[in-house]
>>> print(open('final-v5.cif').read())   # mmCIF, C-alpha atoms
data_target
#
loop_
_atom_site.group_PDB
_atom_site.id
_atom_site.type_symbol
_atom_site.label_atom_id
_atom_site.label_comp_id
_atom_site.auth_asym_id
_atom_site.auth_seq_id
_atom_site.Cartn_x
_atom_site.Cartn_y
_atom_site.Cartn_z
ATOM 1 C CA MET A 12 -30.819 -5.465 -4.925
ATOM 2 C CA LYS A 13 -29.308 -6.239 -1.506
ATOM 3 C CA ILE A 14 -25.760 -4.945 -1.052
ATOM 4 C CA LEU A 15 -23.562 -5.839 1.929
ATOM 5 C CA VAL A 16 -20.708 -3.384 2.559
ATOM 6 C CA VAL A 17 -17.858 -4.816 4.664
ATOM 7 C CA ASP A 18 -15.324 -2.244 5.883
ATOM 8 C CA ASP A 19 -13.960 -1.524 9.352
ATOM 9 C CA HIS A 20 -14.116 2.267 8.935
ATOM 10 C CA ALA A 21 -17.516 3.857 9.612
ATOM 11 C CA VAL A 22 -16.701 6.914 7.478
ATOM 12 C CA VAL A 23 -15.803 4.700 4.508
ATOM 13 C CA ARG A 24 -18.974 2.642 4.919
ATOM 14 C CA GLU A 25 -21.063 5.817 4.992
ATOM 15 C CA GLY A 26 -19.386 7.085 1.824
ATOM 16 C CA ILE A 27 -20.014 3.780 0.048
ATOM 17 C CA ARG A 28 -23.623 3.755 1.273
ATOM 18 C CA ARG A 29 -24.278 7.218 -0.168
ATOM 19 C CA LEU A 30 -22.615 6.267 -3.434
ATOM 20 C CA LEU A 31 -24.470 2.999 -3.893
ATOM 21 C CA SER A 32 -27.812 4.450 -2.779
ATOM 22 C CA THR A 33 -27.984 6.019 -6.257
ATOM 23 C CA ILE A 34 -28.640 2.526 -7.646
ATOM 24 C CA PRO A 35 -32.434 2.091 -8.102
ATOM 25 C CA GLY A 36 -33.857 -0.399 -5.605
ATOM 26 C CA ALA A 37 -30.603 -0.741 -3.652
ATOM 27 C CA GLU A 38 -30.999 -2.034 -0.089
ATOM 28 C CA ILE A 39 -27.687 -1.480 1.690
ATOM 29 C CA HIS A 40 -26.435 -3.313 4.780
ATOM 30 C CA GLU A 41 -23.157 -2.778 6.637
ATOM 31 C CA ALA A 42 -20.683 -4.945 8.542
ATOM 32 C CA ALA A 43 -17.563 -3.771 10.360
ATOM 33 C CA THR A 44 -16.094 -7.173 11.230
ATOM 34 C CA ALA A 45 -15.585 -10.548 9.594
ATOM 35 C CA GLN A 46 -17.963 -12.167 12.089
ATOM 36 C CA ASP A 47 -20.731 -9.655 11.326
ATOM 37 C CA ALA A 48 -20.137 -10.119 7.593
ATOM 38 C CA MET A 49 -20.503 -13.896 7.856
ATOM 39 C CA GLU A 50 -23.707 -13.611 9.908
ATOM 40 C CA LEU A 51 -25.305 -10.991 7.648
ATOM 41 C CA SER A 52 -24.365 -12.871 4.500
ATOM 42 C CA ARG A 53 -26.380 -15.809 5.809
ATOM 43 C CA THR A 54 -29.401 -13.839 7.010
ATOM 44 C CA ILE A 55 -29.931 -11.284 4.221
ATOM 45 C CA ALA A 56 -28.606 -13.259 1.202
ATOM 46 C CA PRO A 57 -26.936 -10.223 -0.440
ATOM 47 C CA THR A 58 -26.958 -9.798 -4.200
ATOM 48 C CA VAL A 59 -23.459 -8.287 -4.041
ATOM 49 C CA ILE A 60 -20.876 -8.010 -1.261
ATOM 50 C CA VAL A 61 -18.462 -5.055 -1.320
ATOM 51 C CA LEU A 62 -15.434 -6.189 0.681
ATOM 52 C CA ASP A 63 -12.275 -4.380 1.771
ATOM 53 C CA ILE A 64 -9.020 -6.363 1.844
ATOM 54 C CA ASN A 65 -7.757 -4.564 4.968
ATOM 55 C CA LEU A 66 -9.977 -5.367 7.950
ATOM 56 C CA ASP A 67 -9.008 -4.651 11.538
ATOM 57 C CA GLY A 68 -8.341 -7.953 13.269
ATOM 58 C CA SER A 69 -8.961 -10.011 10.165
ATOM 59 C CA SER A 70 -7.962 -10.503 6.537
ATOM 60 C CA GLY A 71 -10.174 -9.552 3.630
ATOM 61 C CA LEU A 72 -8.734 -12.302 1.443
ATOM 62 C CA GLU A 73 -9.333 -14.846 4.194
ATOM 63 C CA LEU A 74 -12.894 -13.579 4.637
ATOM 64 C CA LEU A 75 -13.389 -13.793 0.860
ATOM 65 C CA ARG A 76 -12.355 -17.445 0.997
ATOM 66 C CA ARG A 77 -14.699 -18.116 3.942
ATOM 67 C CA LEU A 78 -17.644 -16.386 2.275
ATOM 68 C CA LYS A 79 -17.181 -18.373 -0.930
ATOM 69 C CA ALA A 80 -16.748 -21.621 1.012
ATOM 70 C CA ASP A 81 -19.957 -20.866 2.916
ATOM 71 C CA ASN A 82 -21.886 -20.006 -0.252
ATOM 72 C CA GLY A 83 -20.222 -20.385 -3.619
ATOM 73 C CA ALA A 84 -22.929 -18.242 -5.222
ATOM 74 C CA HIS A 85 -21.827 -15.085 -3.392
ATOM 75 C CA ARG A 86 -20.957 -12.263 -5.819
ATOM 76 C CA ILE A 87 -18.096 -10.289 -4.238
ATOM 77 C CA VAL A 88 -16.251 -7.157 -5.349
ATOM 78 C CA MET A 89 -13.054 -6.227 -3.544
ATOM 79 C CA PHE A 90 -12.882 -2.465 -2.879
ATOM 80 C CA THR A 91 -9.405 -1.683 -1.650
ATOM 81 C CA MET A 92 -6.508 0.757 -1.551
ATOM 82 C CA HIS A 93 -4.277 -1.918 -3.130
ATOM 83 C CA SER A 94 -3.902 -1.410 -6.874
ATOM 84 C CA GLU A 95 -1.005 -3.813 -7.482
ATOM 85 C CA PRO A 96 -1.779 -6.504 -10.108
ATOM 86 C CA SER A 97 -0.688 -9.271 -7.728
ATOM 87 C CA TYR A 98 -3.457 -8.397 -5.249
ATOM 88 C CA ALA A 99 -6.103 -8.243 -7.965
ATOM 89 C CA MET A 100 -5.006 -11.616 -9.323
ATOM 90 C CA ARG A 101 -5.132 -13.207 -5.885
ATOM 91 C CA ALA A 102 -8.589 -11.827 -5.187
ATOM 92 C CA LEU A 103 -9.936 -13.049 -8.532
ATOM 93 C CA LYS A 104 -8.375 -16.491 -8.101
ATOM 94 C CA ALA A 105 -9.909 -16.699 -4.612
ATOM 95 C CA GLY A 106 -13.364 -16.170 -6.082
ATOM 96 C CA ALA A 107 -13.960 -12.410 -6.286
ATOM 97 C CA ALA A 108 -16.149 -11.331 -9.201
ATOM 98 C CA GLY A 109 -14.645 -7.854 -9.282
ATOM 99 C CA TYR A 110 -11.849 -5.626 -8.059
ATOM 100 C CA VAL A 111 -11.988 -1.840 -7.681
ATOM 101 C CA SER A 112 -9.217 0.341 -6.244
ATOM 102 C CA LYS A 113 -10.239 3.119 -3.864
ATOM 103 C CA SER A 114 -8.221 5.465 -6.063
ATOM 104 C CA ALA A 115 -10.550 4.746 -9.009
ATOM 105 C CA ASP A 116 -13.335 7.096 -10.052
ATOM 106 C CA ALA A 117 -16.308 6.759 -7.685
ATOM 107 C CA ALA A 118 -18.594 5.855 -10.583
ATOM 108 C CA GLU A 119 -16.553 2.707 -11.204
ATOM 109 C CA LEU A 120 -17.723 1.131 -7.938
ATOM 110 C CA VAL A 121 -21.346 1.738 -8.920
ATOM 111 C CA THR A 122 -20.674 0.219 -12.341
ATOM 112 C CA ALA A 123 -18.894 -2.745 -10.748
ATOM 113 C CA VAL A 124 -21.798 -3.497 -8.384
ATOM 114 C CA GLN A 125 -24.363 -3.257 -11.177
ATOM 115 C CA LYS A 126 -22.397 -5.473 -13.552
ATOM 116 C CA ILE A 127 -21.560 -8.039 -10.888
ATOM 117 C CA ALA A 128 -25.216 -8.147 -9.773
ATOM 118 C CA SER A 129 -26.150 -9.046 -13.353
ATOM 119 C CA GLY A 130 -23.627 -11.891 -13.450
ATOM 120 C CA ASP A 131 -20.677 -10.138 -15.091
ATOM 121 C CA ARG A 132 -17.171 -9.571 -13.748
ATOM 122 C CA TYR A 133 -15.475 -6.194 -13.373
ATOM 123 C CA LEU A 134 -12.017 -4.640 -12.950
ATOM 124 C CA ASP A 135 -11.555 -0.902 -12.656
ATOM 125 C CA ARG A 136 -9.781 0.588 -15.664
ATOM 126 C CA SER A 137 -6.485 1.306 -13.913
ATOM 127 C CA THR A 138 -6.167 -2.181 -12.411
ATOM 128 C CA ALA A 139 -7.175 -3.821 -15.690
ATOM 129 C CA SER A 140 -4.532 -1.790 -17.518
ATOM 130 C CA GLU A 141 -1.828 -2.726 -15.018
ATOM 131 C CA LEU A 142 -2.721 -6.405 -15.319
ATOM 132 C CA VAL A 143 -2.575 -6.287 -19.107
ATOM 133 C CA PHE A 144 0.703 -4.417 -19.293
ATOM 134 C CA SER A 145 2.490 -5.994 -16.329
ATOM 135 C CA GLN A 146 5.423 -7.894 -17.812
ATOM 136 C CA THR A 147 7.012 -8.943 -14.555
ATOM 137 C CA PHE A 148 4.142 -10.582 -12.694
ATOM 138 C CA ALA A 149 5.236 -14.146 -13.484
ATOM 139 C CA GLU A 150 8.775 -13.433 -12.236
ATOM 140 C CA ASP A 151 7.666 -11.507 -9.158
ATOM 141 C CA PRO A 152 8.714 -13.495 -6.046
ATOM 142 C CA LEU A 153 5.467 -12.431 -4.373
ATOM 143 C CA HIS A 154 3.696 -14.590 -6.959
ATOM 144 C CA LYS A 155 5.244 -17.635 -5.284
ATOM 145 C CA LEU A 156 3.463 -16.925 -2.016
ATOM 146 C CA SER A 157 0.161 -18.371 -0.876
ATOM 147 C CA ASN A 158 -2.689 -16.033 0.052
ATOM 148 C CA ARG A 159 -2.034 -16.739 3.736
ATOM 149 C CA GLU A 160 1.665 -15.905 3.333
ATOM 150 C CA VAL A 161 0.851 -12.620 1.569
ATOM 151 C CA GLU A 162 -1.524 -11.695 4.364
ATOM 152 C CA ILE A 163 1.113 -12.492 7.010
ATOM 153 C CA LEU A 164 3.578 -10.327 5.096
ATOM 154 C CA ARG A 165 1.018 -7.504 4.978
ATOM 155 C CA LEU A 166 0.344 -7.722 8.713
ATOM 156 C CA LEU A 167 4.072 -7.699 9.481
ATOM 157 C CA GLY A 168 4.328 -4.495 7.460
ATOM 158 C CA GLU A 169 1.533 -3.021 9.578
ATOM 159 C CA GLY A 170 3.593 -3.645 12.702
ATOM 160 C CA LYS A 171 1.748 -6.697 13.990
ATOM 161 C CA SER A 172 3.691 -9.185 16.123
ATOM 162 C CA LEU A 173 3.683 -12.919 15.387
ATOM 163 C CA ALA A 174 1.409 -13.450 18.392
ATOM 164 C CA GLU A 175 -1.051 -10.826 17.106
ATOM 165 C CA ILE A 176 -1.035 -12.395 13.634
ATOM 166 C CA ALA A 177 -1.702 -15.818 15.151
ATOM 167 C CA ALA A 178 -4.691 -14.363 17.020
ATOM 168 C CA ILE A 179 -6.068 -12.694 13.866
ATOM 169 C CA PHE A 180 -6.063 -15.982 11.948
ATOM 170 C CA GLY A 181 -6.972 -18.127 14.938
ATOM 171 C CA ILE A 182 -3.893 -20.321 14.477
ATOM 172 C CA ALA A 183 -0.964 -21.337 16.659
ATOM 173 C CA TYR A 184 2.023 -19.026 17.170
ATOM 174 C CA LYS A 185 4.283 -21.802 15.906
ATOM 175 C CA THR A 186 2.316 -21.978 12.638
ATOM 176 C CA VAL A 187 2.922 -18.265 12.031
ATOM 177 C CA ALA A 188 6.598 -18.626 12.928
ATOM 178 C CA ASN A 189 6.949 -21.498 10.442
ATOM 179 C CA SER A 190 5.194 -19.416 7.783
ATOM 180 C CA CYS A 191 7.671 -16.587 8.385
ATOM 181 C CA SER A 192 10.523 -19.040 7.901
ATOM 182 C CA ARG A 193 9.039 -20.119 4.558
ATOM 183 C CA LEU A 194 8.538 -16.475 3.604
ATOM 184 C CA LYS A 195 12.204 -15.725 4.226
ATOM 185 C CA GLU A 196 13.215 -18.725 2.150
ATOM 186 C CA LYS A 197 10.912 -17.852 -0.763
ATOM 187 C CA LEU A 198 11.869 -14.175 -0.775
ATOM 188 C CA GLY A 199 15.590 -14.738 -0.218
ATOM 189 C CA VAL A 200 15.955 -12.810 3.042
ATOM 190 C CA GLU A 201 17.302 -13.793 6.438
ATOM 191 C CA ARG A 202 15.568 -11.625 9.019
ATOM 192 C CA THR A 203 11.997 -10.761 9.961
ATOM 193 C CA ALA A 204 13.055 -7.109 9.662
ATOM 194 C CA ASP A 205 13.739 -7.779 5.967
ATOM 195 C CA LEU A 206 10.194 -9.130 5.551
ATOM 196 C CA ILE A 207 8.827 -5.966 7.142
ATOM 197 C CA ARG A 208 10.961 -3.803 4.844
ATOM 198 C CA LEU A 209 9.759 -5.714 1.778
ATOM 199 C CA SER A 210 6.132 -5.369 2.882
ATOM 200 C CA VAL A 211 6.496 -1.606 3.268
ATOM 201 C CA GLU A 212 8.468 -1.139 0.032
ATOM 202 C CA ARG A 213 5.991 -3.156 -2.011
ATOM 203 C CA ARG A 214 3.032 -1.450 -0.323
ATOM 204 C CA ILE A 215 1.727 -4.773 0.951
ATOM 205 C CA GLY A 216 0.789 -3.185 4.253
#
>>> encode(input="final-v5.cif", output="structure tokens")
Amino acid sequence: MKILVVDDHAVVREGIRRLLSTIPGAEIHEAATAQDAMELSRTIAPTVIVLDINLDGSSGLELLRRLKADNGAHRIVMFTMHSEPSYAMRALKAGAAGYVSKSADAAELVTAVQKIASGDRYLDRSTASELVFSQTFAEDPLHKLSNREVEILRLLGEGKSLAEIAAIFGIAYKTVANSCSRLKEKLGVERTADLIRLSVERRIG
């Protein structure tokens, strides 16, 4: 089983490597950037990709979309600090086969990789429970946002400027500015500072 771990923190990658090395026959590869992940996914044909949503200089959700567009057969599990139902739903709709929060028991990631490698899907118990019992997801204004808009909101909460966000996505500054205007309209706020506050309060960043 070939496993590609995509995370921009070397310590996290090492921890995941040690954890997943307990799987019999596991051959583990690592990527720290979106570019490396794309190249390795093409050269090693991984059985499962373990992907973090928060990548330095990139977006995990955007990379998920690119990986699936490049090869629809990719089996991807998102391994992230975000445990909100809205993030799990977005990842699954974008093509992820699984979603595991970094706050979950370590054994759940091993279980997720094994199940996803065999063709199943997997949600860690806490995330699955929140999805089942969330009564407000449909009314949540964040549900109205596109994946790109959610990622822009997250990056704003991390302190990124519009120019930096444009560079991360490889799009024009004006495109990001227009997206911020739509974000304000959809979320009912008037200032960029309000978007940043919302991102921090909702733990988007």
>>> residues_around(input="final-v5.cif", residues="segment 77-90 of chain A", least_positions_apart="4", cutoff="8 Å", atoms="all atoms listed in the file", output="list in words")
Met49, Ser52, Pro57, Thr58, Val59, Ile60, Val61, Leu62, Asp63, Ile64, Glu73, Ala102, Gly106, Ala107, Ala108, Gly109, Tyr110, Val111, Ser112, Lys113, Leu120, Ala123, Val124, Ile127 and Ala128 of chain A
>>> write_last_selection(input="final-v5.cif", atoms="C-alpha atoms", output="mmCIF file, keeping the file's coordinate frame")
data_model
loop_
_atom_site.group_PDB
_atom_site.id
_atom_site.type_symbol
_atom_site.label_atom_id
_atom_site.label_comp_id
_atom_site.auth_asym_id
_atom_site.auth_seq_id
_atom_site.Cartn_x
_atom_site.Cartn_y
_atom_site.Cartn_z
ATOM 1 C CA MET A 49 -20.503 -13.896 7.856
ATOM 2 C CA SER A 52 -24.365 -12.871 4.500
ATOM 3 C CA PRO A 57 -26.936 -10.223 -0.440
ATOM 4 C CA THR A 58 -26.958 -9.798 -4.200
ATOM 5 C CA VAL A 59 -23.459 -8.287 -4.041
ATOM 6 C CA ILE A 60 -20.876 -8.010 -1.261
ATOM 7 C CA VAL A 61 -18.462 -5.055 -1.320
ATOM 8 C CA LEU A 62 -15.434 -6.189 0.681
ATOM 9 C CA ASP A 63 -12.275 -4.380 1.771
ATOM 10 C CA ILE A 64 -9.020 -6.363 1.844
ATOM 11 C CA GLU A 73 -9.333 -14.846 4.194
ATOM 12 C CA ALA A 102 -8.589 -11.827 -5.187
ATOM 13 C CA GLY A 106 -13.364 -16.170 -6.082
ATOM 14 C CA ALA A 107 -13.960 -12.410 -6.286
ATOM 15 C CA ALA A 108 -16.149 -11.331 -9.201
ATOM 16 C CA GLY A 109 -14.645 -7.854 -9.282
ATOM 17 C CA TYR A 110 -11.849 -5.626 -8.059
ATOM 18 C CA VAL A 111 -11.988 -1.840 -7.681
ATOM 19 C CA SER A 112 -9.217 0.341 -6.244
ATOM 20 C CA LYS A 113 -10.239 3.119 -3.864
ATOM 21 C CA LEU A 120 -17.723 1.131 -7.938
ATOM 22 C CA ALA A 123 -18.894 -2.745 -10.748
ATOM 23 C CA VAL A 124 -21.798 -3.497 -8.384
ATOM 24 C CA ILE A 127 -21.560 -8.039 -10.888
ATOM 25 C CA ALA A 128 -25.216 -8.147 -9.773
#
>>> closest_residue(input="final-v5.cif", among="A:Arg101, A:Ile176, A:Gln46, A:Ala117", to="Gly26 of chain A", atoms="only C-alpha atoms")
A:Ala117
>>> residues_near_point(input="final-v5.cif", point="(-20.1, -0.5, 4.4)", cutoff="7 Å", atoms="only C-alpha atoms", output="list in words")
Leu15, Val16, Val17, Asp18, Val23, Arg24, Glu25, Ile27, Arg28, His40, Glu41 and Ala42 of chain A
>>> closest_residue(input="final-v5.cif", among="A:Lys104, A:Arg213, A:Lys13, A:Arg159", to="Thr54 of chain A", atoms="all atoms listed in the file")
A:Lys13
>>> closest_residue(input="final-v5.cif", among="A:Gly168, A:Gly199, A:Pro96, A:Gly181", to="Thr138 of chain A", atoms="all atoms listed in the file")
A:Pro96
>>> atom_distance(input="final-v5.cif", atom1="atom CA of Ala139 of chain A", atom2="atom CA of Glu119 of chain A")
12.3 Å
>>> resolve_selection(input="final-v5.cif", expression="the PyMOL selection byres ((chain A and resi 194) around 10)", output="list in words")
Leu153, Lys155, Leu156, Ser157, Glu160, Val161, Ile163, Leu164, Ala188, Asn189, Ser190, Cys191, Ser192, Arg193, Lys195, Glu196, Lys197, Leu198, Gly199, Val200, Glu201, Thr203 and Leu206 of chain A
>>> closest_residue(input="final-v5.cif", among="A:Ile14, A:Ala105, A:Leu166, A:Ala21", to="Phe180 of chain A", atoms="all atoms listed in the file")
A:Leu166
>>> atom_distance(input="final-v5.cif", atom1="atom CA of Leu134 of chain A", atom2="atom CA of Ala99 of chain A")
8.5 Å
>>> closest_residue(input="final-v5.cif", among="A:Arg29, A:His20, A:Arg165, A:His93", to="Val211 of chain A", atoms="all atoms listed in the file")
A:Arg165
>>> resolve_selection(input="final-v5.cif", expression="the PyMOL selection byres ((chain A and resi 36) around 12)", output="number ranges by chain")
A: 12-14, 31-35, 37-39, 58, 125
>>> atom_distance(input="final-v5.cif", atom1="atom CA of Leu75 of chain A", atom2="atom CA of Arg132 of chain A")
15.7 Å
